[in-house]
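K.L.:
Here it is, the structure in full.
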Amino acid sequence: MTEEQATVVAPESSAPTDEDVILELNDVRTYFELDEGTLKAVDGVSFNIRRNETLGIVGESGCGKSVTGQSILRIVPKPGDTQGNIWLRRNGETVDLASLDPSGREIRDVRGRDIAMIFQEPMTAFSPVHSVGNQIMEAILVHENVPKQAARDRAIEVLSQVGIPEAERRVDALPHELSGGMRQRAMIAMALVLRPKLLIADEPTTALDVTIQAQILRLMQDLQKEMGMSIMFITHNLGVIANMADQMVVMYLGRVVEQGSVEAIFGDPQHPYTQALMESIPRIGLTRGERLTSIAGTVPVPLNPPEECGFSSRCPKFIPGRCDAKVPDMLETSPGHHVRCVLYE
């Protein structure tokens, strides 16, 4: 890669003008001011999601994927604070969600109606003392002026839509009375009951066995086609991304280190972290006794991180004096394919 082939990508500060872009993040930073210092959970993240598109976000635990989703909906727990721009196109206008009061009426109107979220663990996301149906009905009654019976009927309809048998009876079940797969389907039903424009799916299949995982992923694809919605799919499973996503973002230590189409990144992974993730995938054909490839070390805690490449302490291609001198710029190495690494400067 020559200097002429790689160009620095500077973040734009104006609202997106492309009508197909439903959500755009520009230099989003979510910091937690703690007694020990500043924890930079999300540190300058920029990407966009287009209509009817699935964007996959991958990375190890602790890379900032879930906090990015929480930042979009403005549900980051205290003392977290979000800065930057989160542009959402709704009702023919562009709204900066980062500028809204996290507890204000406008952002509460966005949650569920325009953007919905499937949380990582449905057993903790659902209230244990209220029926699944009541929790789905609450979303309807908060956003729409409809009778309670109409909300109940719609809850039963959406439970049937996501493949829960005997929905008329299951609507009154408590979360612990449902199996893991059914709880996950009920969580999807609650997220989709208002037909949002964007669905944020945070590790929706992590706790499920592989057969149920396949059913849930197929269900999400079918509902996406039926409703014409966009999906932001957060996972650490590259196999899921390969099957589900159109575009892909790789995060490490709160930053985007590589992004582009799924075909481009799987065909030519460029950041050493992305390459290491690809090499860590179990493969058929290993000889008996051969060890799986792993990434040495762990993701560091982003507490007062130094101004250097976050992956430098684990990178096999580490260059002293370059990788630890500054945070690398985001470079466009080919049309639509971006990487944050000094190897391409």
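Identifiers in this document derive from the order of the structure tokens: chains are assigned A, B, ..., residues are numbered from 1 separately in each chain, and ligands are numbered from 1 in order of occurrence.
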Need to verify the contact set: stretch 318-322 of chain A, 10 Å, only C-alpha atoms, exclusion of same-chain residues closer than 5 positions in sequence. Can you return it as a ChimeraX atom specification?
P.N.:
/A:272,308-309,311-313,327-328,341-343
K.L.:
For a quick check of understanding, using only C-alpha atoms, which of A:Leu286, A:Asn145, A:Ser230, A:Arg183 has the smallest distance to A:Asp114?
P.N.:
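For A:Asp114, the nearest of the given residues is A:Ser230.
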K.L.:
Contacts of stretch 83-98 of chain A at 9 Å or less, counting only C-alpha atoms, minus same-chain residues fewer than 4 places along, as a PDB file with N, CA, C and O atoms, in the first residue's frame?
P.N.:
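Listed below is the output, selection_29.pdb:
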```
ATOM      1  N   SER A  13     -18.971  17.073  10.083  1.00  0.00           N
ATOM      2  CA  SER A  13     -19.732  17.562  11.226  1.00  0.00           C
ATOM      3  C   SER A  13     -21.161  17.949  10.860  1.00  0.00           C
ATOM      4  O   SER A  13     -21.962  18.250  11.722  1.00  0.00           O
ATOM      5  N   SER A  14     -21.471  17.958   9.556  1.00  0.00           N
ATOM      6  CA  SER A  14     -22.816  18.364   9.133  1.00  0.00           C
ATOM      7  C   SER A  14     -23.729  17.152   9.050  1.00  0.00           C
ATOM      8  O   SER A  14     -23.276  16.008   8.966  1.00  0.00           O
ATOM      9  N   ALA A  15     -25.033  17.414   9.072  1.00  0.00           N
ATOM     10  CA  ALA A  15     -26.013  16.339   9.003  1.00  0.00           C
ATOM     11  C   ALA A  15     -25.946  15.649   7.642  1.00  0.00           C
ATOM     12  O   ALA A  15     -25.636  16.267   6.632  1.00  0.00           O
ATOM     13  N   PRO A  16     -26.225  14.345   7.587  1.00  0.00           N
ATOM     14  CA  PRO A  16     -26.167  13.629   6.316  1.00  0.00           C
ATOM     15  C   PRO A  16     -27.238  14.128   5.354  1.00  0.00           C
ATOM     16  O   PRO A  16     -28.353  14.457   5.764  1.00  0.00           O
ATOM     17  N   GLU A  19     -30.527  10.570   1.353  1.00  0.00           N
ATOM     18  CA  GLU A  19     -31.849  10.167   1.841  1.00  0.00           C
ATOM     19  C   GLU A  19     -31.883   8.714   2.306  1.00  0.00           C
ATOM     20  O   GLU A  19     -32.734   8.321   3.101  1.00  0.00           O
ATOM     21  N   VAL A  21     -29.546   7.189   4.010  1.00  0.00           N
ATOM     22  CA  VAL A  21     -28.892   7.028   5.311  1.00  0.00           C
ATOM     23  C   VAL A  21     -29.915   7.308   6.402  1.00  0.00           C
ATOM     24  O   VAL A  21     -30.414   8.425   6.532  1.00  0.00           O
ATOM     25  N   ILE A  22     -30.238   6.288   7.190  1.00  0.00           N
ATOM     26  CA  ILE A  22     -31.242   6.463   8.239  1.00  0.00           C
ATOM     27  C   ILE A  22     -30.608   6.894   9.554  1.00  0.00           C
ATOM     28  O   ILE A  22     -31.212   7.598  10.363  1.00  0.00           O
ATOM     29  N   LEU A  23     -29.337   6.496   9.785  1.00  0.00           N
ATOM     30  CA  LEU A  23     -28.647   6.849  11.023  1.00  0.00           C
ATOM     31  C   LEU A  23     -27.173   7.078  10.704  1.00  0.00           C
ATOM     32  O   LEU A  23     -26.573   6.302   9.965  1.00  0.00           O
ATOM     33  N   GLU A  24     -26.614   8.147  11.258  1.00  0.00           N
ATOM     34  CA  GLU A  24     -25.187   8.407  11.076  1.00  0.00           C
ATOM     35  C   GLU A  24     -24.569   8.867  12.379  1.00  0.00           C
ATOM     36  O   GLU A  24     -25.069   9.795  13.017  1.00  0.00           O
ATOM     37  N   LEU A  25     -23.484   8.212  12.771  1.00  0.00           N
ATOM     38  CA  LEU A  25     -22.720   8.590  13.957  1.00  0.00           C
ATOM     39  C   LEU A  25     -21.470   9.324  13.500  1.00  0.00           C
ATOM     40  O   LEU A  25     -20.772   8.859  12.592  1.00  0.00           O
ATOM     41  N   ASN A  26     -21.197  10.466  14.122  1.00  0.00           N
ATOM     42  CA  ASN A  26     -20.025  11.248  13.791  1.00  0.00           C
ATOM     43  C   ASN A  26     -19.239  11.575  15.057  1.00  0.00           C
ATOM     44  O   ASN A  26     -19.715  12.311  15.920  1.00  0.00           O
ATOM     45  N   ASP A  27     -18.065  10.974  15.190  1.00  0.00           N
ATOM     46  CA  ASP A  27     -17.161  11.243  16.304  1.00  0.00           C
ATOM     47  C   ASP A  27     -17.867  11.116  17.655  1.00  0.00           C
ATOM     48  O   ASP A  27     -17.759  11.991  18.525  1.00  0.00           O
ATOM     49  N   VAL A  28     -18.589  10.026  17.842  1.00  0.00           N
ATOM     50  CA  VAL A  28     -19.331   9.810  19.081  1.00  0.00           C
ATOM     51  C   VAL A  28     -18.383   9.323  20.170  1.00  0.00           C
ATOM     52  O   VAL A  28     -17.603   8.381  19.976  1.00  0.00           O
ATOM     53  N   ARG A  29     -18.449   9.997  21.319  1.00  0.00           N
ATOM     54  CA  ARG A  29     -17.589   9.669  22.451  1.00  0.00           C
ATOM     55  C   ARG A  29     -18.457   9.522  23.708  1.00  0.00           C
ATOM     56  O   ARG A  29     -19.174  10.450  24.073  1.00  0.00           O
ATOM     57  N   THR A  30     -18.371   8.378  24.331  1.00  0.00           N
ATOM     58  CA  THR A  30     -19.082   8.141  25.587  1.00  0.00           C
ATOM     59  C   THR A  30     -18.058   7.837  26.662  1.00  0.00           C
ATOM     60  O   THR A  30     -17.391   6.799  26.636  1.00  0.00           O
ATOM     61  N   TYR A  31     -17.910   8.790  27.589  1.00  0.00           N
ATOM     62  CA  TYR A  31     -16.912   8.695  28.648  1.00  0.00           C
ATOM     63  C   TYR A  31     -17.611   8.564  30.000  1.00  0.00           C
ATOM     64  O   TYR A  31     -18.697   9.116  30.215  1.00  0.00           O
ATOM     65  N   GLY A  44     -14.697   8.188  19.782  1.00  0.00           N
ATOM     66  CA  GLY A  44     -14.607   8.734  18.435  1.00  0.00           C
ATOM     67  C   GLY A  44     -15.129   7.805  17.364  1.00  0.00           C
ATOM     68  O   GLY A  44     -14.478   7.602  16.331  1.00  0.00           O
ATOM     69  N   VAL A  45     -16.304   7.222  17.568  1.00  0.00           N
ATOM     70  CA  VAL A  45     -16.876   6.264  16.617  1.00  0.00           C
ATOM     71  C   VAL A  45     -17.684   6.993  15.547  1.00  0.00           C
ATOM     72  O   VAL A  45     -18.500   7.868  15.864  1.00  0.00           O
ATOM     73  N   SER A  71     -25.574   4.349  23.533  1.00  0.00           N
ATOM     74  CA  SER A  71     -25.364   5.773  23.240  1.00  0.00           C
ATOM     75  C   SER A  71     -26.373   6.266  22.211  1.00  0.00           C
ATOM     76  O   SER A  71     -26.865   7.397  22.303  1.00  0.00           O
ATOM     77  N   ILE A  72     -26.678   5.439  21.227  1.00  0.00           N
ATOM     78  CA  ILE A  72     -27.650   5.829  20.197  1.00  0.00           C
ATOM     79  C   ILE A  72     -29.011   6.092  20.814  1.00  0.00           C
ATOM     80  O   ILE A  72     -29.681   7.079  20.496  1.00  0.00           O
ATOM     81  N   LEU A  73     -29.421   5.230  21.734  1.00  0.00           N
ATOM     82  CA  LEU A  73     -30.733   5.390  22.374  1.00  0.00           C
ATOM     83  C   LEU A  73     -30.698   6.307  23.593  1.00  0.00           C
ATOM     84  O   LEU A  73     -31.720   6.519  24.238  1.00  0.00           O
ATOM     85  N   ARG A  74     -29.517   6.810  23.932  1.00  0.00           N
ATOM     86  CA  ARG A  74     -29.327   7.703  25.087  1.00  0.00           C
ATOM     87  C   ARG A  74     -29.741   7.032  26.392  1.00  0.00           C
ATOM     88  O   ARG A  74     -30.418   7.629  27.230  1.00  0.00           O
ATOM     89  N   PRO A 102     -31.687  13.057  27.634  1.00  0.00           N
ATOM     90  CA  PRO A 102     -31.878  11.606  27.721  1.00  0.00           C
ATOM     91  C   PRO A 102     -33.200  11.190  28.355  1.00  0.00           C
ATOM     92  O   PRO A 102     -33.676  10.079  28.099  1.00  0.00           O
ATOM     93  N   ILE A 107     -36.773  12.121  22.913  1.00  0.00           N
ATOM     94  CA  ILE A 107     -35.989  10.887  22.809  1.00  0.00           C
ATOM     95  C   ILE A 107     -36.828   9.688  23.236  1.00  0.00           C
ATOM     96  O   ILE A 107     -36.684   8.580  22.690  1.00  0.00           O
ATOM     97  N   VAL A 110     -38.654   8.521  20.331  1.00  0.00           N
ATOM     98  CA  VAL A 110     -37.807   7.798  19.373  1.00  0.00           C
ATOM     99  C   VAL A 110     -37.646   6.342  19.790  1.00  0.00           C
ATOM    100  O   VAL A 110     -37.712   5.428  18.954  1.00  0.00           O
ATOM    101  N   ASP A 114     -39.024   4.587  16.538  1.00  0.00           N
ATOM    102  CA  ASP A 114     -38.065   4.719  15.438  1.00  0.00           C
ATOM    103  C   ASP A 114     -36.885   3.765  15.580  1.00  0.00           C
ATOM    104  O   ASP A 114     -36.404   3.220  14.587  1.00  0.00           O
ATOM    105  N   LYS A 197     -37.880   1.761  12.433  1.00  0.00           N
ATOM    106  CA  LYS A 197     -37.049   1.904  11.234  1.00  0.00           C
ATOM    107  C   LYS A 197     -35.702   1.220  11.418  1.00  0.00           C
ATOM    108  O   LYS A 197     -35.094   0.769  10.442  1.00  0.00           O
TER     109      LYS A 197
END
```
K.L.:
With distances taken over only C-alpha atoms, which of A:Arg113, A:Leu34, A:Arg108, A:Val58 is nearest to A:Asp81?
P.N.:
A:Leu34
K.L.:
Take atom CA of A:Gln270 and atom CA of A:Lys317 and report the distance between them in Å, one decimal.
P.N.:
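According to the coordinates, atom CA of A:Gln270 and atom CA of A:Lys317 are separated by 11.9 Å.
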K.L.:
Neighbours of A:Val339 within 8 Å (only C-alpha atoms; same-chain residues fewer than 5 positions away dropped), as a list in words?
P.N.:
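Near A:Val339, the qualifying residues are Val257, Glu258, Gln259, Gln270, His271, Met330, Leu331, Glu332 and Thr333 of chain A.
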K.L.:
Export N, CA and C atoms of the chosen residues as a PDB file, in the first residue's frame?
P.N.:
```pdb
ATOM      1  N   VAL A 257     -11.694   0.205  14.092  1.00  0.00           N
ATOM      2  CA  VAL A 257     -10.363  -0.029  13.520  1.00  0.00           C
ATOM      3  C   VAL A 257     -10.442  -0.467  12.057  1.00  0.00           C
ATOM      4  N   GLU A 258     -11.619  -0.944  11.638  1.00  0.00           N
ATOM      5  CA  GLU A 258     -11.786  -1.294  10.220  1.00  0.00           C
ATOM      6  C   GLU A 258     -13.269  -1.323   9.897  1.00  0.00           C
ATOM      7  N   GLN A 259     -13.624  -0.840   8.713  1.00  0.00           N
ATOM      8  CA  GLN A 259     -15.014  -0.900   8.292  1.00  0.00           C
ATOM      9  C   GLN A 259     -15.088  -0.951   6.774  1.00  0.00           C
ATOM     10  N   GLN A 270      -7.524  -6.147   6.722  1.00  0.00           N
ATOM     11  CA  GLN A 270      -6.296  -5.358   6.670  1.00  0.00           C
ATOM     12  C   GLN A 270      -5.730  -4.999   8.036  1.00  0.00           C
ATOM     13  N   HIS A 271      -6.579  -4.707   9.012  1.00  0.00           N
ATOM     14  CA  HIS A 271      -6.047  -4.371  10.335  1.00  0.00           C
ATOM     15  C   HIS A 271      -5.546  -5.649  11.015  1.00  0.00           C
ATOM     16  N   MET A 330      -7.926   7.253  10.435  1.00  0.00           N
ATOM     17  CA  MET A 330      -8.744   6.336   9.647  1.00  0.00           C
ATOM     18  C   MET A 330      -8.442   6.582   8.172  1.00  0.00           C
ATOM     19  N   LEU A 331      -8.008   5.539   7.475  1.00  0.00           N
ATOM     20  CA  LEU A 331      -7.586   5.661   6.085  1.00  0.00           C
ATOM     21  C   LEU A 331      -8.501   4.867   5.169  1.00  0.00           C
ATOM     22  N   GLU A 332      -8.753   5.400   3.988  1.00  0.00           N
ATOM     23  CA  GLU A 332      -9.507   4.671   2.968  1.00  0.00           C
ATOM     24  C   GLU A 332      -8.500   3.998   2.040  1.00  0.00           C
ATOM     25  N   THR A 333      -8.383   2.682   2.150  1.00  0.00           N
ATOM     26  CA  THR A 333      -7.382   1.952   1.378  1.00  0.00           C
ATOM     27  C   THR A 333      -7.911   1.478   0.027  1.00  0.00           C
TER      28      THR A 333
END
```
K.L.:
List the spatial neighbours of A:Leu292 as a PDB file with N, CA, C and O atoms, in the first residue's frame - criterion: any atom at most 10 Å away, only C-alpha atoms, same-chain residues fewer than 2 positions off excluded.
P.N.:
```pdb
ATOM      1  N   GLU A 279      -8.260 -15.405  11.955  1.00  0.00           N
ATOM      2  CA  GLU A 279      -7.429 -16.590  12.182  1.00  0.00           C
ATOM      3  C   GLU A 279      -7.896 -17.387  13.395  1.00  0.00           C
ATOM      4  O   GLU A 279      -7.555 -18.572  13.527  1.00  0.00           O
ATOM      5  N   SER A 280      -8.670 -16.762  14.285  1.00  0.00           N
ATOM      6  CA  SER A 280      -9.141 -17.434  15.497  1.00  0.00           C
ATOM      7  C   SER A 280     -10.390 -18.273  15.262  1.00  0.00           C
ATOM      8  O   SER A 280     -10.833 -18.984  16.168  1.00  0.00           O
ATOM      9  N   ILE A 281     -10.971 -18.193  14.064  1.00  0.00           N
ATOM     10  CA  ILE A 281     -12.176 -18.966  13.766  1.00  0.00           C
ATOM     11  C   ILE A 281     -11.811 -20.444  13.659  1.00  0.00           C
ATOM     12  O   ILE A 281     -10.896 -20.810  12.903  1.00  0.00           O
ATOM     13  N   PRO A 282     -12.496 -21.337  14.406  1.00  0.00           N
ATOM     14  CA  PRO A 282     -12.222 -22.779  14.261  1.00  0.00           C
ATOM     15  C   PRO A 282     -12.485 -23.236  12.832  1.00  0.00           C
ATOM     16  O   PRO A 282     -13.450 -22.808  12.191  1.00  0.00           O
ATOM     17  N   ARG A 283     -11.618 -24.097  12.317  1.00  0.00           N
ATOM     18  CA  ARG A 283     -11.724 -24.555  10.937  1.00  0.00           C
ATOM     19  C   ARG A 283     -11.755 -26.077  10.880  1.00  0.00           C
ATOM     20  O   ARG A 283     -11.102 -26.767  11.677  1.00  0.00           O
ATOM     21  N   LEU A 286      -8.283 -29.368  10.852  1.00  0.00           N
ATOM     22  CA  LEU A 286      -7.127 -29.299  11.744  1.00  0.00           C
ATOM     23  C   LEU A 286      -6.646 -30.713  12.075  1.00  0.00           C
ATOM     24  O   LEU A 286      -7.448 -31.640  12.244  1.00  0.00           O
ATOM     25  N   GLY A 289      -4.567 -32.851  17.682  1.00  0.00           N
ATOM     26  CA  GLY A 289      -3.648 -32.241  18.622  1.00  0.00           C
ATOM     27  C   GLY A 289      -3.240 -30.822  18.271  1.00  0.00           C
ATOM     28  O   GLY A 289      -2.575 -30.158  19.068  1.00  0.00           O
ATOM     29  N   GLU A 290      -3.611 -30.355  17.083  1.00  0.00           N
ATOM     30  CA  GLU A 290      -3.249 -28.992  16.684  1.00  0.00           C
ATOM     31  C   GLU A 290      -4.070 -27.985  17.476  1.00  0.00           C
ATOM     32  O   GLU A 290      -5.293 -28.124  17.595  1.00  0.00           O
ATOM     33  N   SER A 294      -5.195 -18.234  18.759  1.00  0.00           N
ATOM     34  CA  SER A 294      -5.831 -17.284  19.679  1.00  0.00           C
ATOM     35  C   SER A 294      -5.048 -15.981  19.672  1.00  0.00           C
ATOM     36  O   SER A 294      -3.902 -15.927  19.213  1.00  0.00           O
TER      37      SER A 294
END
```
K.L.:
Which residues come within 9 Å of A:Ser66, counting only C-alpha atoms, excluding same-chain residues fewer than 6 positions away, as a list in words?
P.N.:
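The neighbour list is Gln120, Asp202, Glu203 and Ile234 of chain A.
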K.L.:
If you keep C-alpha atoms, can you produce a file of those selected residues as a PDB file, in the first residue's frame?
P.N.:
```pdb
ATOM      1  CA  GLN A 120     -28.194  -9.096  25.352  1.00  0.00           C
ATOM      2  CA  ASP A 202     -27.165  -6.716  20.940  1.00  0.00           C
ATOM      3  CA  GLU A 203     -25.877 -10.310  20.973  1.00  0.00           C
ATOM      4  CA  ILE A 234     -23.789  -6.482  17.575  1.00  0.00           C
TER       5      ILE A 234
END
```
K.L.:
Quick one: pull the distance between atom CA of A:Ala242 and atom CA of A:Gly181, Å, one decimal.
P.N.:
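These two atoms are separated by 22.1 Å.
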K.L.:
DSSP on the backbone, strand (DSSP E or B) only: what residues of stretch 139-286 of chain A does that give? Format it as number ranges by chain.
P.N.:
A: 198-202, 230-234, 247-252, 255-261
K.L.:
Skip A:Ile212 itself and residues of its chain fewer than 4 positions away, then list as a compact mmCIF listing (two decimals) with N, CA, C and O atoms, in the first residue's frame all residues within 10 Å of it, counting only C-alpha atoms.
P.N.:
```txt
# COMPACT_ATOMS: atom_id res chain seq x y z
N GLY A 180 -35.51 -20.44 26.86
CA GLY A 180 -34.58 -19.41 26.39
C GLY A 180 -34.90 -18.92 25.00
O GLY A 180 -34.89 -17.72 24.72
N GLY A 181 -35.21 -19.86 24.11
CA GLY A 181 -35.55 -19.48 22.74
C GLY A 181 -36.83 -18.67 22.67
O GLY A 181 -36.92 -17.70 21.91
N MET A 182 -37.84 -19.05 23.47
CA MET A 182 -39.10 -18.31 23.48
C MET A 182 -38.92 -16.92 24.08
O MET A 182 -39.53 -15.95 23.61
N GLN A 184 -36.25 -15.15 23.92
CA GLN A 184 -35.58 -14.33 22.91
C GLN A 184 -36.58 -13.90 21.83
O GLN A 184 -36.55 -12.77 21.36
N THR A 205 -28.34 -13.84 20.12
CA THR A 205 -28.35 -15.31 20.10
C THR A 205 -27.24 -15.92 20.94
O THR A 205 -27.00 -17.12 20.87
N ALA A 207 -26.87 -16.72 24.14
CA ALA A 207 -27.19 -17.73 25.14
C ALA A 207 -28.00 -18.90 24.58
O ALA A 207 -28.46 -19.75 25.34
N LEU A 208 -28.15 -18.98 23.27
CA LEU A 208 -29.00 -20.00 22.66
C LEU A 208 -28.15 -21.08 21.99
O LEU A 208 -27.04 -20.83 21.53
N ILE A 216 -33.65 -18.00 15.07
CA ILE A 216 -33.78 -16.59 15.42
C ILE A 216 -33.22 -15.71 14.30
O ILE A 216 -33.81 -14.69 13.91
N LEU A 217 -32.06 -16.08 13.76
CA LEU A 217 -31.45 -15.29 12.69
C LEU A 217 -32.32 -15.30 11.44
O LEU A 217 -32.48 -14.26 10.78
N ARG A 218 -32.89 -16.45 11.11
CA ARG A 218 -33.77 -16.54 9.94
C ARG A 218 -35.03 -15.70 10.17
O ARG A 218 -35.52 -15.02 9.26
```
